[in-house]
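Chemist: Input file: final17.txt. Contents: compact mmCIF, C-alpha atoms and all ligand atoms.
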# COMPACT_ATOMS: atom_id res chain seq x y z
CA MET A 1 1.38 1.97 -185.79
CA SER A 2 -2.14 0.45 -185.58
CA ASP A 3 -2.70 -3.31 -185.54
CA ASN A 4 -4.52 -2.98 -188.86
CA ALA A 5 -1.56 -1.25 -190.45
CA GLN A 6 0.78 -3.96 -189.07
CA THR A 7 -1.43 -6.67 -190.52
CA ALA A 8 -1.61 -4.89 -193.87
CA LEU A 9 2.19 -4.69 -194.03
CA ALA A 10 2.56 -8.39 -193.19
CA GLN A 11 -0.04 -9.28 -195.83
CA ARG A 12 1.74 -7.17 -198.38
CA ALA A 13 5.03 -8.96 -197.60
CA ARG A 14 3.38 -12.33 -198.19
CA HIS A 15 1.72 -11.07 -201.37
CA LEU A 16 5.03 -9.78 -202.76
CA ASP A 17 6.71 -13.08 -201.90
CA SER A 18 4.04 -14.95 -203.82
CA GLU A 19 4.55 -12.62 -206.82
CA HIS A 20 8.31 -13.34 -206.85
CA LEU A 21 8.20 -17.10 -206.21
CA ALA A 22 10.01 -17.90 -209.47
CA THR A 23 13.24 -16.28 -208.22
CA ASP A 24 13.16 -17.74 -204.70
CA ARG A 25 16.33 -19.81 -204.26
CA ARG A 26 16.35 -19.80 -200.44
CA ASP A 27 16.57 -23.60 -200.31
CA ALA A 28 19.81 -23.52 -202.28
CA PHE A 29 21.57 -21.63 -199.45
CA VAL A 30 22.74 -22.52 -195.96
CA LEU A 31 22.02 -19.76 -193.44
CA PRO A 32 22.13 -19.96 -189.65
CA GLU A 33 18.79 -20.22 -187.87
CA GLY A 34 17.47 -16.86 -186.66
CA VAL A 35 19.74 -14.76 -188.90
CA ILE A 36 18.52 -12.26 -191.49
CA TYR A 37 21.57 -11.78 -193.63
CA LEU A 38 21.84 -8.30 -195.15
CA ASP A 39 25.53 -8.42 -196.04
CA GLY A 40 25.51 -10.45 -199.25
CA ASN A 41 26.96 -7.31 -200.86
CA SER A 42 30.19 -7.91 -198.94
CA LEU A 43 30.33 -11.70 -198.46
CA GLY A 44 27.53 -13.67 -200.07
CA ALA A 45 25.95 -16.55 -198.13
CA MET A 46 27.17 -20.10 -198.66
CA SER A 47 25.12 -22.30 -200.96
CA VAL A 48 24.79 -26.05 -200.69
CA ALA A 49 26.25 -26.36 -204.18
CA ALA A 50 29.28 -24.17 -203.35
CA ARG A 51 29.95 -26.23 -200.24
CA ASP A 52 29.58 -29.53 -202.09
CA ALA A 53 31.67 -28.38 -205.05
CA THR A 54 34.46 -27.35 -202.66
CA ALA A 55 34.28 -30.67 -200.81
CA ASP A 56 34.39 -32.55 -204.11
CA ALA A 57 37.33 -30.50 -205.39
CA VAL A 58 39.25 -31.22 -202.19
CA THR A 59 38.42 -34.83 -201.43
CA ARG A 60 37.86 -36.47 -204.81
CA GLN A 61 39.69 -34.25 -207.27
CA TRP A 62 42.71 -33.20 -205.24
CA GLY A 63 42.66 -36.20 -202.88
CA GLN A 64 42.18 -38.95 -205.44
CA GLN A 65 42.90 -37.60 -208.89
CA LEU A 66 45.92 -35.62 -207.73
CA ILE A 67 47.80 -34.00 -210.63
CA ARG A 68 45.54 -35.81 -213.11
CA ALA A 69 42.71 -33.48 -212.07
CA TRP A 70 44.12 -30.70 -214.28
CA ASN A 71 42.81 -32.78 -217.19
CA GLU A 72 40.28 -35.15 -215.66
CA SER A 73 38.39 -32.47 -213.72
CA ALA A 74 39.18 -29.76 -216.29
CA TRP A 75 40.95 -27.53 -213.77
CA TRP A 76 43.06 -25.95 -216.48
CA THR A 77 40.11 -24.55 -218.42
CA ALA A 78 38.05 -23.57 -215.34
CA PRO A 79 38.85 -19.82 -215.62
CA GLU A 80 37.21 -19.61 -219.06
CA ARG A 81 34.42 -22.10 -218.25
CA VAL A 82 33.33 -20.24 -215.13
CA GLY A 83 33.92 -16.96 -216.98
CA ASP A 84 31.29 -18.05 -219.50
CA ARG A 85 28.79 -18.65 -216.70
CA ILE A 86 29.37 -15.13 -215.38
CA ALA A 87 29.21 -13.72 -218.91
CA SER A 88 25.63 -14.94 -219.18
CA LEU A 89 24.72 -13.06 -215.98
CA VAL A 90 26.27 -9.75 -217.04
CA GLY A 91 25.06 -9.75 -220.65
CA ALA A 92 28.39 -10.59 -222.29
CA PRO A 93 29.15 -13.15 -224.99
CA SER A 94 30.79 -16.46 -224.30
CA GLY A 95 34.58 -16.18 -224.56
CA SER A 96 34.77 -12.61 -223.22
CA VAL A 97 35.08 -13.26 -219.46
CA VAL A 98 37.76 -15.03 -217.44
CA VAL A 99 38.00 -15.64 -213.68
CA GLY A 100 41.06 -15.72 -211.45
CA ASP A 101 43.07 -13.12 -209.51
CA SER A 102 41.45 -10.52 -207.25
CA THR A 103 39.26 -7.64 -208.38
CA THR A 104 42.17 -5.31 -207.68
CA ILE A 105 44.54 -7.26 -209.96
CA SER A 106 41.84 -7.68 -212.62
CA LEU A 107 41.15 -3.95 -212.56
CA PHE A 108 44.86 -3.23 -212.91
CA LYS A 109 45.00 -5.43 -216.00
CA ALA A 110 41.89 -3.84 -217.52
CA VAL A 111 42.82 -0.20 -216.83
CA HIS A 112 46.42 -0.66 -217.95
CA ALA A 113 45.45 -2.48 -221.15
CA ALA A 114 42.68 0.04 -221.93
CA ALA A 115 44.93 3.06 -221.45
CA ARG A 116 47.49 1.53 -223.79
CA LEU A 117 44.82 1.20 -226.48
CA ARG A 118 44.60 5.01 -226.58
CA PRO A 119 48.29 6.03 -226.64
CA ASP A 120 47.57 9.57 -227.87
CA ARG A 121 45.35 10.38 -224.85
CA ARG A 122 46.69 11.56 -221.46
CA VAL A 123 43.73 11.43 -219.04
CA VAL A 124 41.97 8.68 -217.10
CA LEU A 125 38.71 9.56 -215.33
CA THR A 126 37.56 7.87 -212.16
CA ASP A 127 35.19 8.56 -209.26
CA PRO A 128 36.79 10.03 -206.10
CA ASP A 129 34.10 8.20 -204.09
CA SER A 130 34.85 4.81 -205.61
CA PHE A 131 35.83 1.92 -203.39
CA PRO A 132 39.41 2.96 -202.55
CA THR A 133 41.13 0.13 -204.41
CA ASP A 134 39.67 1.49 -207.67
CA VAL A 135 41.19 4.92 -207.08
CA HIS A 136 44.50 3.38 -206.00
CA VAL A 137 44.70 1.14 -209.06
CA THR A 138 43.85 3.86 -211.59
CA ARG A 139 46.30 6.23 -209.89
CA GLY A 140 49.00 3.54 -209.99
CA VAL A 141 48.44 2.85 -213.68
CA CYS A 142 48.52 6.58 -214.48
CA ASP A 143 51.80 6.96 -212.59
CA GLN A 144 53.32 4.01 -214.44
CA LEU A 145 52.19 5.17 -217.88
CA GLY A 146 52.77 8.90 -217.35
CA LEU A 147 49.06 9.73 -217.55
CA THR A 148 46.93 12.13 -215.51
CA LEU A 149 44.27 10.81 -213.16
CA GLU A 150 41.26 13.10 -213.02
CA LEU A 151 38.75 12.53 -210.24
CA VAL A 152 35.31 13.22 -211.66
CA SER A 153 32.03 12.00 -210.18
CA PRO A 154 30.06 9.71 -212.48
CA ARG A 155 27.34 12.34 -212.11
CA ASP A 156 29.56 14.74 -214.10
CA ALA A 157 31.31 12.23 -216.36
CA VAL A 158 29.15 12.77 -219.47
CA ALA A 159 29.63 16.55 -219.27
CA ARG A 160 33.40 16.13 -218.78
CA LEU A 161 33.65 13.82 -221.77
CA GLU A 162 31.54 15.90 -224.17
CA GLY A 163 33.69 17.71 -226.71
CA SER A 164 36.96 16.52 -225.10
CA ASN A 165 39.95 15.08 -226.91
CA ASP A 166 42.23 14.16 -224.02
CA VAL A 167 40.49 11.26 -222.28
CA ALA A 168 41.77 7.71 -222.82
CA LEU A 169 39.50 5.94 -220.37
CA ALA A 170 36.52 6.46 -218.09
CA ALA A 171 36.81 3.90 -215.27
CA TYR A 172 33.73 3.78 -213.04
CA SER A 173 31.84 1.56 -210.65
CA HIS A 174 28.39 0.53 -211.80
CA VAL A 175 26.96 0.82 -208.26
CA ASP A 176 28.39 3.08 -205.55
CA TYR A 177 29.51 0.74 -202.75
CA ARG A 178 28.40 3.19 -200.05
CA THR A 179 25.21 4.83 -201.28
CA GLY A 180 24.02 2.05 -203.60
CA GLU A 181 23.47 4.54 -206.45
CA LEU A 182 23.38 2.84 -209.86
CA TRP A 183 25.16 4.78 -212.58
CA ASP A 184 24.17 4.80 -216.23
CA LEU A 185 26.66 2.40 -217.80
CA ALA A 186 25.34 2.84 -221.34
CA ALA A 187 25.22 6.66 -221.19
CA ILE A 188 28.74 7.11 -219.79
CA THR A 189 30.13 4.50 -222.18
CA GLU A 190 28.40 6.20 -225.12
CA ALA A 191 29.80 9.60 -224.08
CA ALA A 192 33.27 8.07 -223.89
CA HIS A 193 32.95 6.47 -227.31
CA GLN A 194 31.67 9.72 -228.85
CA VAL A 195 35.07 11.29 -228.14
CA GLY A 196 37.17 8.24 -228.91
CA ALA A 197 37.68 7.15 -225.28
CA LEU A 198 37.03 3.74 -223.72
CA ALA A 199 35.00 2.73 -220.67
CA CYS A 200 35.82 0.24 -217.93
CA TRP A 201 33.24 -0.80 -215.33
CA ASP A 202 33.61 -2.26 -211.84
CA LEU A 203 30.58 -4.53 -211.41
CA CYS A 204 31.36 -5.64 -207.83
CA HIS A 205 28.02 -4.35 -206.53
CA SER A 206 25.91 -5.11 -209.60
CA ALA A 207 26.96 -8.57 -210.82
CA GLY A 208 24.28 -11.08 -209.87
CA VAL A 209 21.64 -8.51 -208.92
CA VAL A 210 21.39 -6.05 -211.83
CA ASP A 211 20.73 -7.04 -215.45
CA VAL A 212 24.04 -5.44 -216.35
CA GLY A 213 23.94 -5.73 -220.15
CA LEU A 214 27.63 -5.27 -221.00
CA THR A 215 27.14 -5.88 -224.72
CA GLU A 216 23.98 -3.79 -224.87
CA GLY A 217 25.76 -0.94 -223.09
CA ALA A 218 28.83 -1.37 -225.35
CA ALA A 219 31.23 -1.58 -222.38
CA ASP A 220 34.87 -2.07 -223.33
CA PHE A 221 36.17 -3.64 -220.12
CA ALA A 222 34.66 -4.75 -216.83
CA VAL A 223 35.66 -6.47 -213.62
CA GLY A 224 33.78 -7.76 -210.58
CA CYS A 225 34.03 -9.73 -207.35
CA GLY A 226 33.12 -13.39 -207.02
CA TYR A 227 32.47 -13.28 -203.27
CA LYS A 228 29.65 -10.73 -203.02
CA TYR A 229 26.22 -11.38 -204.56
CA LEU A 230 27.64 -14.26 -206.63
CA SER A 231 28.34 -16.07 -203.33
CA GLY A 232 31.63 -17.62 -204.44
CA GLY A 233 33.01 -17.65 -200.88
CA PRO A 234 35.63 -15.68 -198.94
CA GLY A 235 38.43 -14.52 -201.24
CA ALA A 236 36.64 -15.99 -204.30
CA PRO A 237 38.35 -15.14 -207.59
CA ALA A 238 37.22 -12.07 -209.49
CA PHE A 239 36.21 -11.84 -213.14
CA LEU A 240 37.51 -9.76 -216.02
CA PHE A 241 35.57 -8.91 -219.19
CA VAL A 242 37.23 -7.73 -222.40
CA ALA A 243 34.87 -6.80 -225.24
CA PRO A 244 35.47 -9.13 -228.21
CA GLN A 245 36.60 -6.28 -230.50
CA HIS A 246 39.47 -5.45 -228.12
CA LEU A 247 40.73 -8.98 -227.54
CA ALA A 248 43.21 -9.08 -230.39
CA GLU A 249 44.80 -5.81 -229.19
CA PHE A 250 44.56 -6.57 -225.45
CA THR A 251 48.05 -6.47 -223.95
CA ASN A 252 48.17 -8.07 -220.54
CA PRO A 253 50.42 -5.91 -218.32
CA ILE A 254 51.34 -9.04 -216.34
CA LEU A 255 52.80 -11.51 -218.79
CA GLY A 256 52.61 -14.95 -217.27
CA TRP A 257 52.68 -18.49 -218.53
CA ASN A 258 48.91 -18.99 -218.17
CA GLY A 259 48.26 -16.24 -220.71
CA HIS A 260 50.66 -17.85 -223.19
CA ALA A 261 49.46 -19.43 -226.42
CA ALA A 262 51.35 -22.66 -225.62
CA PRO A 263 52.01 -22.73 -221.87
CA PHE A 264 53.46 -26.24 -221.87
CA ALA A 265 55.89 -25.46 -224.67
CA MET A 266 57.85 -23.76 -221.86
CA SER A 267 59.21 -21.17 -224.22
CA PRO A 268 61.01 -18.11 -222.85
CA ASP A 269 59.33 -16.00 -225.57
CA HIS A 270 55.88 -14.73 -224.73
CA VAL A 271 53.23 -15.35 -227.38
CA PRO A 272 49.82 -14.24 -226.08
CA ALA A 273 47.05 -16.82 -226.26
CA ASP A 274 44.08 -16.12 -228.49
CA GLY A 275 40.93 -14.70 -226.98
CA ILE A 276 40.24 -14.06 -223.31
CA THR A 277 42.86 -16.62 -222.25
CA ARG A 278 45.52 -13.95 -222.82
CA ALA A 279 44.09 -12.13 -219.80
CA ARG A 280 45.17 -14.99 -217.52
CA VAL A 281 48.38 -14.69 -215.52
CA GLY A 282 49.46 -17.60 -213.31
CA THR A 283 48.05 -20.84 -211.94
CA PRO A 284 44.34 -20.35 -211.24
CA PRO A 285 43.00 -20.62 -207.65
CA VAL A 286 41.34 -23.96 -208.32
CA LEU A 287 39.54 -24.44 -205.00
CA GLY A 288 38.15 -20.90 -205.10
CA ILE A 289 36.98 -21.37 -208.67
CA ALA A 290 35.32 -24.67 -207.72
CA ALA A 291 33.33 -22.94 -204.97
CA LEU A 292 32.35 -20.13 -207.34
CA GLU A 293 31.31 -22.58 -210.05
CA GLY A 294 29.11 -24.38 -207.54
CA ALA A 295 27.63 -21.10 -206.30
CA LEU A 296 26.70 -19.96 -209.81
CA THR A 297 24.39 -22.96 -210.24
CA ALA A 298 21.92 -21.00 -208.05
CA TYR A 299 21.27 -18.82 -211.13
CA GLU A 300 20.42 -21.76 -213.41
CA GLY A 301 17.04 -21.26 -215.04
CA LEU A 302 16.76 -17.66 -213.80
CA ASP A 303 16.34 -14.63 -215.97
CA MET A 304 18.45 -11.68 -214.78
CA GLY A 305 15.53 -9.34 -215.54
CA ASP A 306 13.43 -11.29 -213.02
CA VAL A 307 16.27 -11.27 -210.47
CA ARG A 308 16.56 -7.51 -210.90
CA ARG A 309 12.79 -7.08 -210.42
CA ARG A 310 12.94 -9.12 -207.21
CA SER A 311 15.92 -7.09 -205.99
CA LEU A 312 14.11 -3.79 -206.65
CA SER A 313 11.00 -5.14 -204.97
CA LEU A 314 12.94 -6.15 -201.83
CA THR A 315 14.79 -2.84 -201.49
CA GLY A 316 11.67 -0.85 -202.41
CA PHE A 317 9.62 -2.74 -199.83
CA PHE A 318 12.28 -2.12 -197.18
CA VAL A 319 11.97 1.62 -197.75
CA GLU A 320 8.18 1.30 -197.69
CA CYS A 321 8.41 -0.54 -194.33
CA LEU A 322 10.72 2.12 -192.88
CA ASP A 323 8.24 4.82 -193.91
CA ALA A 324 5.28 2.86 -192.53
CA LEU A 325 7.06 2.06 -189.25
CA GLY A 326 8.15 5.67 -188.80
CA VAL A 327 11.91 5.00 -188.97
CA ASP A 328 13.07 8.51 -189.63
CA LEU A 329 16.70 8.10 -190.77
CA PRO A 330 17.97 9.81 -193.93
CA ILE A 331 18.06 7.26 -196.77
CA VAL A 332 21.05 7.93 -199.03
CA THR A 333 20.10 5.30 -201.61
CA PRO A 334 17.90 6.57 -204.45
CA ARG A 335 14.21 5.76 -203.95
CA ASP A 336 13.73 5.40 -207.68
CA ASP A 337 15.16 2.53 -209.71
CA ARG A 338 18.64 4.06 -209.93
CA ARG A 339 19.91 1.81 -207.19
CA GLY A 340 21.68 -1.52 -206.85
CA SER A 341 20.49 -4.08 -204.31
CA GLN A 342 21.20 -2.22 -201.07
CA VAL A 343 19.66 0.45 -198.89
CA SER A 344 22.01 2.75 -197.00
CA LEU A 345 20.94 5.01 -194.17
CA ARG A 346 22.73 7.73 -192.26
CA HIS A 347 23.00 7.76 -188.48
CA PRO A 348 25.60 9.58 -186.33
CA ALA A 349 26.15 6.31 -184.41
CA ALA A 350 25.96 4.11 -187.52
CA TYR A 351 28.59 1.63 -186.32
CA ALA A 352 26.72 1.02 -183.05
CA VAL A 353 23.38 0.78 -184.87
CA VAL A 354 24.83 -2.02 -187.01
CA GLN A 355 26.21 -3.79 -183.93
CA ALA A 356 22.83 -3.54 -182.19
CA LEU A 357 21.16 -5.01 -185.28
CA ILE A 358 23.69 -7.84 -185.37
CA ALA A 359 22.92 -8.60 -181.71
CA ARG A 360 19.31 -9.08 -182.86
CA GLY A 361 20.35 -11.42 -185.69
CA VAL A 362 20.15 -8.85 -188.52
CA ILE A 363 23.59 -8.73 -190.12
CA GLY A 364 24.44 -5.64 -192.14
CA ASP A 365 27.57 -3.50 -192.14
CA PHE A 366 28.91 -0.05 -191.44
CA ARG A 367 30.78 2.18 -193.85
CA GLU A 368 32.60 5.35 -192.96
CA PRO A 369 31.65 7.90 -191.93
CA ASP A 370 28.03 7.36 -190.86
CA ILE A 371 26.45 4.74 -193.13
CA VAL A 372 24.33 1.78 -192.07
CA ARG A 373 24.57 -0.39 -195.19
CA LEU A 374 22.04 -3.15 -195.75
CA GLY A 375 22.38 -5.39 -198.80
CA PHE A 376 19.46 -7.45 -200.08
CA ALA A 377 20.69 -10.53 -201.94
CA PRO A 378 17.59 -11.41 -203.95
CA LEU A 379 18.05 -15.16 -204.23
CA TYR A 380 17.84 -15.92 -200.51
CA LEU A 381 15.90 -13.07 -198.92
CA SER A 382 12.13 -12.74 -198.78
CA HIS A 383 9.85 -9.74 -198.31
CA GLU A 384 8.92 -11.24 -194.92
CA ASP A 385 12.62 -11.09 -193.94
CA VAL A 386 12.65 -7.48 -195.11
CA LEU A 387 9.72 -6.57 -192.87
CA THR A 388 11.29 -8.35 -189.88
CA ALA A 389 14.58 -6.51 -190.45
CA ALA A 390 12.78 -3.15 -190.68
CA ARG A 391 11.00 -3.88 -187.37
CA HIS A 392 14.33 -4.68 -185.70
CA LEU A 393 15.81 -1.44 -187.02
CA ARG A 394 12.83 0.49 -185.66
CA ASP A 395 13.30 -1.15 -182.24
CA VAL A 396 17.04 -0.46 -182.22
CA ILE A 397 16.42 3.23 -182.98
CA ASP A 398 13.30 3.76 -180.85
CA GLY A 399 14.83 1.91 -177.88
CA ALA A 400 18.20 3.68 -178.34
CA GLU A 401 19.85 0.25 -178.23
CA PHE A 402 22.76 1.64 -180.21
CA ALA A 403 23.74 3.70 -177.16
CA ARG A 404 24.63 0.58 -175.15
CA PRO A 405 28.36 0.52 -174.38
CA GLU A 406 28.86 -3.01 -175.78
CA HIS A 407 27.97 -1.77 -179.29
CA ALA A 408 30.66 0.93 -179.41
CA ALA A 409 33.89 -1.09 -179.66
CA ARG A 410 35.20 -1.20 -183.22
CA ALA A 411 36.41 -4.49 -184.68
CA ALA A 412 39.41 -4.48 -187.03
CA VAL A 413 37.30 -5.52 -190.03
CA THR A 414 34.07 -3.60 -190.43
C1 LIG A 501 33.71 -1.68 -205.89
C2 LIG A 501 34.75 -2.62 -205.33
N1 LIG A 501 35.87 -2.87 -206.03
C3 LIG A 501 36.81 -3.70 -205.55
C4 LIG A 501 36.67 -4.33 -204.33
C5 LIG A 501 37.71 -5.21 -203.71
O1 LIG A 501 38.59 -5.81 -204.49
P1 LIG A 501 39.44 -7.04 -203.96
O2 LIG A 501 38.58 -8.26 -204.15
O3 LIG A 501 40.62 -7.02 -204.81
O4 LIG A 501 39.73 -6.86 -202.51
C6 LIG A 501 35.51 -4.09 -203.57
C7 LIG A 501 35.31 -4.73 -202.25
O5 LIG A 501 36.18 -5.21 -201.57
C8 LIG A 501 34.55 -3.21 -204.09
O6 LIG A 501 33.45 -2.96 -203.38
N1 LIG A 502 36.77 -7.77 -199.48
C1 LIG A 502 36.49 -7.57 -198.16
C2 LIG A 502 37.33 -8.10 -197.19
O1 LIG A 502 38.42 -8.82 -197.56
C3 LIG A 502 37.05 -7.88 -195.84
C4 LIG A 502 35.92 -7.17 -195.49
C5 LIG A 502 35.09 -6.62 -196.44
C6 LIG A 502 35.40 -6.79 -197.77
C7 LIG A 502 34.58 -6.19 -198.81
O2 LIG A 502 34.32 -6.80 -199.79
C8 LIG A 502 34.12 -4.83 -198.64
C9 LIG A 502 33.24 -4.44 -199.78
N2 LIG A 502 33.93 -4.41 -201.06
C10 LIG A 502 32.56 -3.12 -199.58
O3 LIG A 502 31.83 -2.74 -200.47
O4 LIG A 502 32.71 -2.48 -198.58
Can the structure from this file be put into structure tokens for me?

Modeler:
Amino acid sequence: MSDNAQTALAQRARHLDSEHLATDRRDAFVLPEGVIYLDGNSLGAMSVAARDATADAVTRQWGQQLIRAWNESAWWTAPERVGDRIASLVGAPSGSVVVGDSTTISLFKAVHAAARLRPDRRVVLTDPDSFPTDVHVTRGVCDQLGLTLELVSPRDAVARLEGSNDVALAAYSHVDYRTGELWDLAAITEAAHQVGALACWDLCHSAGVVDVGLTEGAADFAVGCGYKYLSGGPGAPAFLFVAPQHLAEFTNPILGWNGHAAPFAMSPDHVPADGITRARVGTPPVLGIAALEGALTAYEGLDMGDVRRRSLSLTGFFVECLDALGVDLPIVTPRDDRRGSQVSLRHPAAYAVVQALIARGVIGDFREPDIVRLGFAPLYLSHEDVLTAARHLRDVIDGAEFARPEHAARAAVT
């Protein structure tokens, strides 16, 4: 590549950064020196506010307030309060989202409750290529309720639904965790509704980076992780959305005292609470919620449309850099706007490529069987970072650094 072309690319990076200044929240995050972090789609970076909120929850609230903190620091109502913050990011009304539990447990509650809202239907659709927990959960619910799980790609979901009368629920991920493909939430939901079925969406790879629009897309149920782009920290609680029109009929498959209308009445009879509170189960993970609540302050004053534009610009520019630098790996992520906030590439030695990148300070991850997965968290990455990462990838490939023996050994967690 000529010096002029290199300079043009660097200028373009700076120009794009200046165009997206309004969504730059880099200063809100703590990242190690010399690291370009492209794994915010698996574990989001720590923010100053998340760190401080956790420290405050431990030292002042737990340490000093002790049991009084349930009232004085409003621990008891944190699942709904933080749920409301997430609702505003995913285009849902206040009172429709609650946090707590893992994504897996939240998905179980949503899929089970949704299927029971359509007792005359026998089929649940899900994507065979979903993140495995989604397939496991829907299969488990089908086994428990005597339903049939049908594995249908989201690509074929509208055609499968059209004219059918057997489907209770279409349960899909908004963004494919491996390829980064963004599916049409509104179109699949509409096709489900046309035939009397419901739709449940896993927003793990879209919450915080895509202007999801749950109300606009008429979604019935949704779940998502707190620890990915939302940066809530390792093991952060997940969120669960129930559309307001389903709340009165929502039957939580795990009846616990936190979902009770009067938890401190200590009654052995279960009376579900009104509203989204009925989706709660047991004592909320207070420290995890505190970290998540702190992390979500990074979105204050931001418009999700602008965040989405920045995300598309970063991923689009990465592809542009790869083309310009002559990095000739197959890109499995759509080049058009039907993508989340990641770019995935194929390489026969993908695991070693990722390790070689990590050795250079560019942290991404590997997904079976041959995917180099690079996530671009828009709030703390710049177009200049993107160009630097693309140059490192070029050097790893051109210099065959992935072939070094030290990059071959697999860790337990990839
Ligand atoms: C699409 C999707 N769903 C669910 C999960 C995980 O759920 P859990 O937080 O319960 O481990 C992940 C990632 O781990 C995911 O990518
Ligand atoms: N939840 C994870 C974990 O506990 C360990 C390692 C990775 C994860 C992930 O989140 C993986 C992620 N959902 C993925 O898309 O691959």

Chemist: For a test of reading the model, state the distance in Å between CA of His246 (chain A) and CA of Arg280 (chain A), rounded to one decimal.

Modeler: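 Going from CA of His246 (chain A) over to CA of Arg280 (chain A), I get 15.4 Å.
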
Chemist: Calculated over all atoms listed in the file, which of the candidates A:Leu43, A:Ile254, A:Ala218, A:Val281 has the smallest distance to ligand LIG 502 (chain A)?

Modeler: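 For ligand LIG 502 (chain A), the nearest of the given residues is A:Leu43.
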
Chemist: Out of A:Asp52, A:Asp336, A:Asp3, A:Asp202, which residue has the shortest atom-to-atom distance to ligand LIG 501 (chain A) when counting only C-alpha atoms and all ligand atoms?

Modeler: A:Asp202

Chemist: Could I get the residue neighbourhood of ligand LIG 501 (chain A) at 8 Å, counting only C-alpha atoms and all ligand atoms, as a ChimeraX atom specification?

Modeler: /A:42,102-106,130-134,173,175-177,202-205,224-225,227,235-238

Chemist: With distances taken over only C-alpha atoms, which residue among A:Thr59, A:Thr179, A:Thr23, A:Ser267 lies nearest Val307 (chain A)?

Modeler: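 Checking each of A:Thr59, A:Thr179, A:Thr23, A:Ser267 against Val307 (chain A), counting only C-alpha atoms, the winner is A:Thr23.
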
Chemist: Within 9 Å of Ala49 (chain A), counting all atoms listed in the file, which residues show up once you throw out same-chain ones fewer than 4 positions away? Write them as an MDAnalysis selection string, please.

Modeler: chainID A and resid 28:29 53:54 291 293:298

Chemist: Separation of CA of Thr251 (chain A) and CA of Gly275 (chain A), in Å?

Modeler: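 Rounded to one decimal, the two atoms are 11.3 Å apart.
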
Chemist: Which polymer residues have any atom within 12 Å of an atom of Pro32 (chain A), counting all atoms listed in the file, with same-chain residues fewer than 2 positions away left out, as a PyMOL selection string?

Modeler: chain A and resi 29-30+34-37+45-47+361-363

Chemist: Those residues with C-alpha atoms, as a CSV table (one decimal), keeping the file's coordinate frame please?

Modeler:
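Contents of the output file part38.csv:
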chain,number,residue,atom,x,y,z
A,29,PHE,CA,21.6,-21.6,-199.4
A,30,VAL,CA,22.7,-22.5,-196.0
A,34,GLY,CA,17.5,-16.9,-186.7
A,35,VAL,CA,19.7,-14.8,-188.9
A,36,ILE,CA,18.5,-12.3,-191.5
A,37,TYR,CA,21.6,-11.8,-193.6
A,45,ALA,CA,26.0,-16.6,-198.1
A,46,MET,CA,27.2,-20.1,-198.7
A,47,SER,CA,25.1,-22.3,-201.0
A,361,GLY,CA,20.4,-11.4,-185.7
A,362,VAL,CA,20.2,-8.8,-188.5
A,363,ILE,CA,23.6,-8.7,-190.1

Chemist: With all atoms listed in the file as the atoms that count, which of A:Pro285, A:Pro128, A:Gly226, A:Pro244 lies nearest to ligand LIG 502 (chain A)?

Modeler: A:Gly226

Chemist: Counting all atoms listed in the file, what is within 12 Å of Ala22 (chain A), bar same-chain residues fewer than 2 positions away, as a ChimeraX atom specification?

Modeler: /A:16-20,24-26,299-307,309-310,378-379

Chemist: Dump as a list of chain:residue names all residues having an atom at most 12 Å from (45.4, -21.0, -228.0), computed in the file's coordinates with all atoms listed in the file.

Modeler: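 Selection result: A:Thr77, A:Asn258, A:Gly259, A:His260, A:Ala261, A:Ala262, A:Pro263, A:Phe264, A:Ala265, A:Val271, A:Pro272, A:Ala273, A:Asp274, A:Gly275, A:Ile276, A:Thr277, A:Arg278.
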
Chemist: A:Val386, A:Ala412, A:Val98, A:Val58: which is nearest Val242 (chain A), counting only C-alpha atoms?

Modeler: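 Of all the options, A:Val98 lies closest to Val242 (chain A).
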
Chemist: A:Asn41, A:Lys109, A:Asp323, A:Val212: which is nearest ligand LIG 502 (chain A), counting all atoms listed in the file?

Modeler: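 Looking only at the distances to ligand LIG 502 (chain A), the closest residue turns out to be A:Asn41.
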
Chemist: Please, what distance in Å, to one decimal, runs between CA of Val90 (chain A) and CA of His174 (chain A)?

Modeler: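 Here the two named atoms are 11.7 Å from each other.
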
Chemist: Within 9 Å of region 80-86 of chain A, counting only C-alpha atoms, which residues show up once you throw out same-chain ones fewer than 5 positions away? Write them as an NGL selection string, please.

Modeler: :A and (91-99 or 207-208 or 230 or 239-241 or 276-277 or 289-290 or 292-293 or 296-297)

Chemist: Determine the axis-aligned bounding box of all atoms of region 272-291 of chain A present in the file, pad each side by 8 Å, and express its centre and edge lengths in Å to one decimal place as JSON.

Modeler:
{"center_x": 41.6, "center_y": -18.4, "center_z": -216.7, "size_x": 32.5, "size_y": 28.5, "size_z": 39.5}
